[in-house]
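Since the structure comes first, as structure tokens, the remarks are kept for the end.
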Amino acid sequence: MQKSNKYLFFIIILLLITITTGIFIERKNSSSKKFEIGILSEQLKIKNQQLAKIQKKLSAKDINLQDVINDGFLRFDTAIFNKSINEKLTFSKFKTQDILFSKNGYALGSSYLEFNDNKIYLASGNGIFAYSEFNGKIEKLKIINSNIKNIVTYDKFYETSQYGIKDILIHEGNLYVSFFNEKFKDCYNLSILKSKLSIENLNFSLFYEPKKCIKKKNKYGEFWAHQGAGGRMVPYKNNQILFTTGDFRYRTLAQNKDSDYAKILRINLMNGKSKIVSMGHRNPQGIFYNMKDDYIISTEHGPKGGDEININKNPDVKMKNYGWPISSYGDHYAKHYSKEQIAKAPLHKSHKKFGFEEPIKYFVPSIGISEIIMISDELSEHEFLVGSMGSEIKEGDLSLHYIKLNKNKTKVIDHNIVTIGERIRDMIFIKEKKIALLFLETSSSIGILSIN
């Protein structure tokens, strides 16, 4: 039996070396051309399917492929160190090959970041939790034991798929984790786990889940897990957090006040009960709450075009509606929708004309918008960094977008783009150190952006 296991591990390692080598050879010779990216994406898809098959066979023997590779740590190599981007920005990048599964076809590894008590915390899309003391570099993160496998039991969560962790939040000594939850067979929701923060062991329990799950085969006739992504969490006032949810491509839920989907919710931390803050969202990918001035700024994926940045001032006064799927500056991906489908989601360009809130900025073509962080002092100017994913640099993808608002927070008065060349899945800002931490999922790296 020992000999069999050793042989199996040898085959796994050999396959992983082949996968990694193939990926990086292709990346080295690829530009941002769609054809080449398409080839790379297909290669990643095939290799990830092979990994998934191995993972399933090992799971049957109670062996975790990720554990075999990691040996208790996620190790990072320095790819770029203190590179000057401009007079205000310095950039470093640290890459890992220890996150085996991603949550996007263009990604080597997907993860989310947090910072607390001078420690960096990471949660991978497939449920690895790790931490490290921060010393200006990323060298290795120690894996934290958790009980997540006792709670999330469906295979797709632990493989390269659309299903996995969507964000993490450390707040008041607790760790919150949003994730795709398979409530029943082929019926999914966005739920939140909670554990007391620990670097030794995370003991999660279910903190929040919506009233209903969405079936893959539903009355609306469409389902797409990526579009249900949302999952962002930030601290809010009165012992609450804000939580974003998407529509899973069940578009009419966005205008249904009885549904928790395609909304920004506020969730009571004492009892887990939720209330709708705003509706008419498609897939909110980033959110920030300014406590002093009492406003929410959020980012949102449009369909084909129409990514948005939205403002909600005094959010508890009135439930605001941002228009999806009645209004959008984007278009449907499919060219030949039926009259019935168009009637449900007409995508009028004006929002205001139909009684909805206009975005303060929208992007056509889309940039694959992601997280938003505030980088200025809340007492002075309102300056933000917005991440982008996508695959076309010339369209503003794979970049950081600097955004500055006017004093009334009604419009963008300055917008500059800094090309990073990677899909920016997550960002956090560490105010006391004047740095932003980025998870760059194209190469499975952590970036450190120093802001002078």
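By order in the structure tokens, chains are A, B, ...; within a chain, residues start at 1; ligands start at 1, following the order shown.
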Discussion item. Residues within 10 Å of Gly230 in chain A, please, as a list in words. Count only C-alpha atoms; anything in the same chain fewer than 4 positions from it doesn't count.
Written reply: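 What passes the distance filter is Lys166, Asp167, Ser178, Phe179, Leu190, His226, Phe243, Thr244, Thr245, Gly246, Asp247, Phe248, Tyr261, Ala262, Lys263, Ile264, His281, Arg282, Asn283, Pro284, Gln285, Gly286, Ile287, Glu300, His301 and Ser370 of chain A.
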Could you list, with a cut-off of 8 Å and counting only C-alpha atoms, the residues of range 43-135 of chain A near range 155-163 of chain A, each shown with its nearest atom pair and the distance in Å rounded to one decimal, rows sorted by chain and ascending number, as CSV?
```
residue,atom,partner,partner_atom,distance
A:Asn48,CA,A:Thr160,CA,6.1
A:Gln49,CA,A:Thr160,CA,7.7
A:Leu51,CA,A:Glu159,CA,8.0
A:Ala52,CA,A:Glu159,CA,5.7
A:Gln55,CA,A:Glu159,CA,7.8
A:Lys56,CA,A:Asp155,CA,7.8
A:Phe101,CA,A:Thr160,CA,4.7
A:Ser102,CA,A:Thr160,CA,4.9
A:Lys103,CA,A:Ser161,CA,5.2
A:Asn104,CA,A:Gln162,CA,6.7
A:Gly125,CA,A:Phe157,CA,7.9
A:Asn126,CA,A:Tyr158,CA,4.6
A:Gly127,CA,A:Tyr158,CA,7.1
```
Using C-alpha atoms, can you export the residues from the last selection as a PDB file, in the first residue's frame?
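In the end it all went to result_37.pdb:
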```
ATOM      1  CA  ASN A  48      -7.786  21.600 -14.572  1.00  0.00           C
ATOM      2  CA  GLN A  49     -10.130  18.808 -15.637  1.00  0.00           C
ATOM      3  CA  LEU A  51      -6.497  17.739 -11.791  1.00  0.00           C
ATOM      4  CA  ALA A  52     -10.173  17.410 -10.865  1.00  0.00           C
ATOM      5  CA  GLN A  55      -8.638  14.999  -6.796  1.00  0.00           C
ATOM      6  CA  LYS A  56     -11.802  12.878  -6.930  1.00  0.00           C
ATOM      7  CA  PHE A 101      -7.443  25.262  -8.360  1.00  0.00           C
ATOM      8  CA  SER A 102      -8.914  28.492  -9.710  1.00  0.00           C
ATOM      9  CA  LYS A 103     -12.407  29.895 -10.107  1.00  0.00           C
ATOM     10  CA  ASN A 104     -11.949  31.354 -13.579  1.00  0.00           C
ATOM     11  CA  GLY A 125     -11.397  29.952  -3.756  1.00  0.00           C
ATOM     12  CA  ASN A 126     -11.334  26.262  -2.838  1.00  0.00           C
ATOM     13  CA  GLY A 127     -11.110  26.709   0.919  1.00  0.00           C
TER      14      GLY A 127
END
```
Item to complete: Do a neighbour search on range 347-359 of chain A at 6 Å with only C-alpha atoms, toss out local chain neighbours closer than 5 positions, and write the hits as JSON, numbers by chain.
Response: {"A": [308, 309, 310, 321, 322, 323, 325, 326, 327, 328, 329]}
Worksheet entry | strand (DSSP E or B) positions in range 34-192 of chain A, given as a ChimeraX atom specification | /A:73-84,89-96,111-116,119-124,129-133,140-143,145-146,165-171,174-184,187-192
Response to the item:
Using only C-alpha atoms, the residue out of A:Lys183, A:Lys196, A:Lys344, A:His336 with shortest distance to Leu253 in chain A is A:Lys344
Worksheet, complete the sentence: Closest of A:Gly231, A:Gly164, A:Gly136, A:Gly109 to Leu437 in chain A, counting only C-alpha atoms, is A:Gly136
Item to complete: Using DSSP on the backbone coordinates, identify the residues of range 44-293 of chain A assigned to alpha helix (DSSP H); present them as a list in words.
Response: Leu44, Lys45, Ile46, Lys47, Asn48, Gln49, Gln50, Leu51, Ala52, Lys53, Ile54, Gln55, Lys56, Lys57, Leu58, Ser59, Ala60, Leu65, Gln66, Asp67, Val68, Ile69, Asn70, Ile148, Lys149, Asn150 and Ile151 of chain A
Discussion item. Taking 2 positions as the minimum chain separation for residues in the same chain, which residues sit within 10 Å of Ile424 in chain A when counting only C-alpha atoms? Answer as a list of chain:residue names.
Written reply: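 The residues that qualify are A:Ser110, A:Gly368, A:Ile369, A:Ser370, A:Glu371, A:Val386, A:Gly387, A:Ser388, A:Met389, A:Gly390, A:Asp397, A:Leu398, A:Ser399, A:Leu400, A:Ile420, A:Gly421, A:Glu422, A:Asp426, A:Met427, A:Leu438, A:Phe439, A:Leu440, A:Glu441, A:Thr442, A:Ser445, A:Ile446, A:Gly447.
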Generate the output file for the selected residues, C-alpha atoms, as a PDB file, in the first residue's frame.
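The new file again_35.pdb reads:
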```pdb
ATOM      1  CA  SER A 110      -8.162  32.552  -7.090  1.00  0.00           C
ATOM      2  CA  GLY A 368     -14.170  43.279 -15.914  1.00  0.00           C
ATOM      3  CA  ILE A 369     -14.556  45.539 -12.897  1.00  0.00           C
ATOM      4  CA  SER A 370     -13.693  44.119  -9.470  1.00  0.00           C
ATOM      5  CA  GLU A 371     -12.980  45.443  -5.964  1.00  0.00           C
ATOM      6  CA  VAL A 386     -10.778  50.115  -8.740  1.00  0.00           C
ATOM      7  CA  GLY A 387      -9.481  46.758  -9.963  1.00  0.00           C
ATOM      8  CA  SER A 388     -10.210  45.196 -13.332  1.00  0.00           C
ATOM      9  CA  MET A 389      -9.996  41.689 -14.760  1.00  0.00           C
ATOM     10  CA  GLY A 390     -10.929  40.881 -18.366  1.00  0.00           C
ATOM     11  CA  ASP A 397      -8.650  45.475 -18.407  1.00  0.00           C
ATOM     12  CA  LEU A 398      -5.900  43.932 -16.250  1.00  0.00           C
ATOM     13  CA  SER A 399      -5.359  47.326 -14.653  1.00  0.00           C
ATOM     14  CA  LEU A 400      -5.884  49.605 -11.685  1.00  0.00           C
ATOM     15  CA  ILE A 420      -0.751  45.802 -13.998  1.00  0.00           C
ATOM     16  CA  GLY A 421      -1.091  43.096 -16.663  1.00  0.00           C
ATOM     17  CA  GLU A 422      -3.018  40.726 -14.386  1.00  0.00           C
ATOM     18  CA  ASP A 426      -9.184  41.251  -4.743  1.00  0.00           C
ATOM     19  CA  MET A 427      -7.696  44.322  -3.052  1.00  0.00           C
ATOM     20  CA  LEU A 438      -3.744  42.784  -4.472  1.00  0.00           C
ATOM     21  CA  PHE A 439      -4.512  39.200  -5.359  1.00  0.00           C
ATOM     22  CA  LEU A 440      -3.493  38.742  -8.997  1.00  0.00           C
ATOM     23  CA  GLU A 441      -5.186  35.583 -10.173  1.00  0.00           C
ATOM     24  CA  THR A 442      -3.669  35.420 -13.681  1.00  0.00           C
ATOM     25  CA  SER A 445       0.311  36.143  -7.036  1.00  0.00           C
ATOM     26  CA  ILE A 446       0.062  38.681  -4.246  1.00  0.00           C
ATOM     27  CA  GLY A 447       0.954  42.223  -5.261  1.00  0.00           C
TER      28      GLY A 447
END
```
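Shortest separation to Lys434 in chain A among A:Ser132, A:Thr419, A:Asn452, A:Ser146 occurs at residue A:Asn452, atoms counted being only C-alpha atoms.
Nearest-residue note for Ile296 in chain A: choosing from A:Ile241, A:Ile138, A:Ile54, A:Ile451, the minimum distance belongs to A:Ile241, counting only C-alpha atoms.
One finds CA of Ser366 in chain A at 22.9 Å from CA of Gln255 in chain A.
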Worksheet item: What lies within 6 Å of Leu265 in chain A using only C-alpha atoms, ignoring chain neighbours under 2 positions off, as number ranges by chain?
Response: A: 242-243, 275-277
Selected residues written out with N, CA and C atoms, as a compact mmCIF listing (two decimals), in the first residue's frame:
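Contents of the output file selection32.txt:
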```
# COMPACT_ATOMS: atom_id res chain seq x y z
N LEU A 242 -22.42 44.96 5.31
CA LEU A 242 -23.05 44.99 3.99
C LEU A 242 -22.62 43.75 3.22
N PHE A 243 -23.54 43.21 2.42
CA PHE A 243 -23.30 41.97 1.68
C PHE A 243 -23.90 42.11 0.29
N LYS A 275 -31.74 42.91 5.65
CA LYS A 275 -32.68 43.86 5.05
C LYS A 275 -32.05 44.39 3.77
N ILE A 276 -32.89 44.72 2.80
CA ILE A 276 -32.39 45.22 1.53
C ILE A 276 -32.02 46.69 1.65
N VAL A 277 -30.80 47.02 1.23
CA VAL A 277 -30.35 48.41 1.17
C VAL A 277 -30.62 48.98 -0.22
```
Practice prompt. Counting only C-alpha atoms, figure out which residue out of A:Glu200, A:Glu114, A:Asp414, A:Glu395 gets nearest to Glu383 in chain A.
Written response: A:Asp414
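Atom to atom, CA of Ser195 in chain A and CA of Glu172 in chain A stand 11.2 Å apart.
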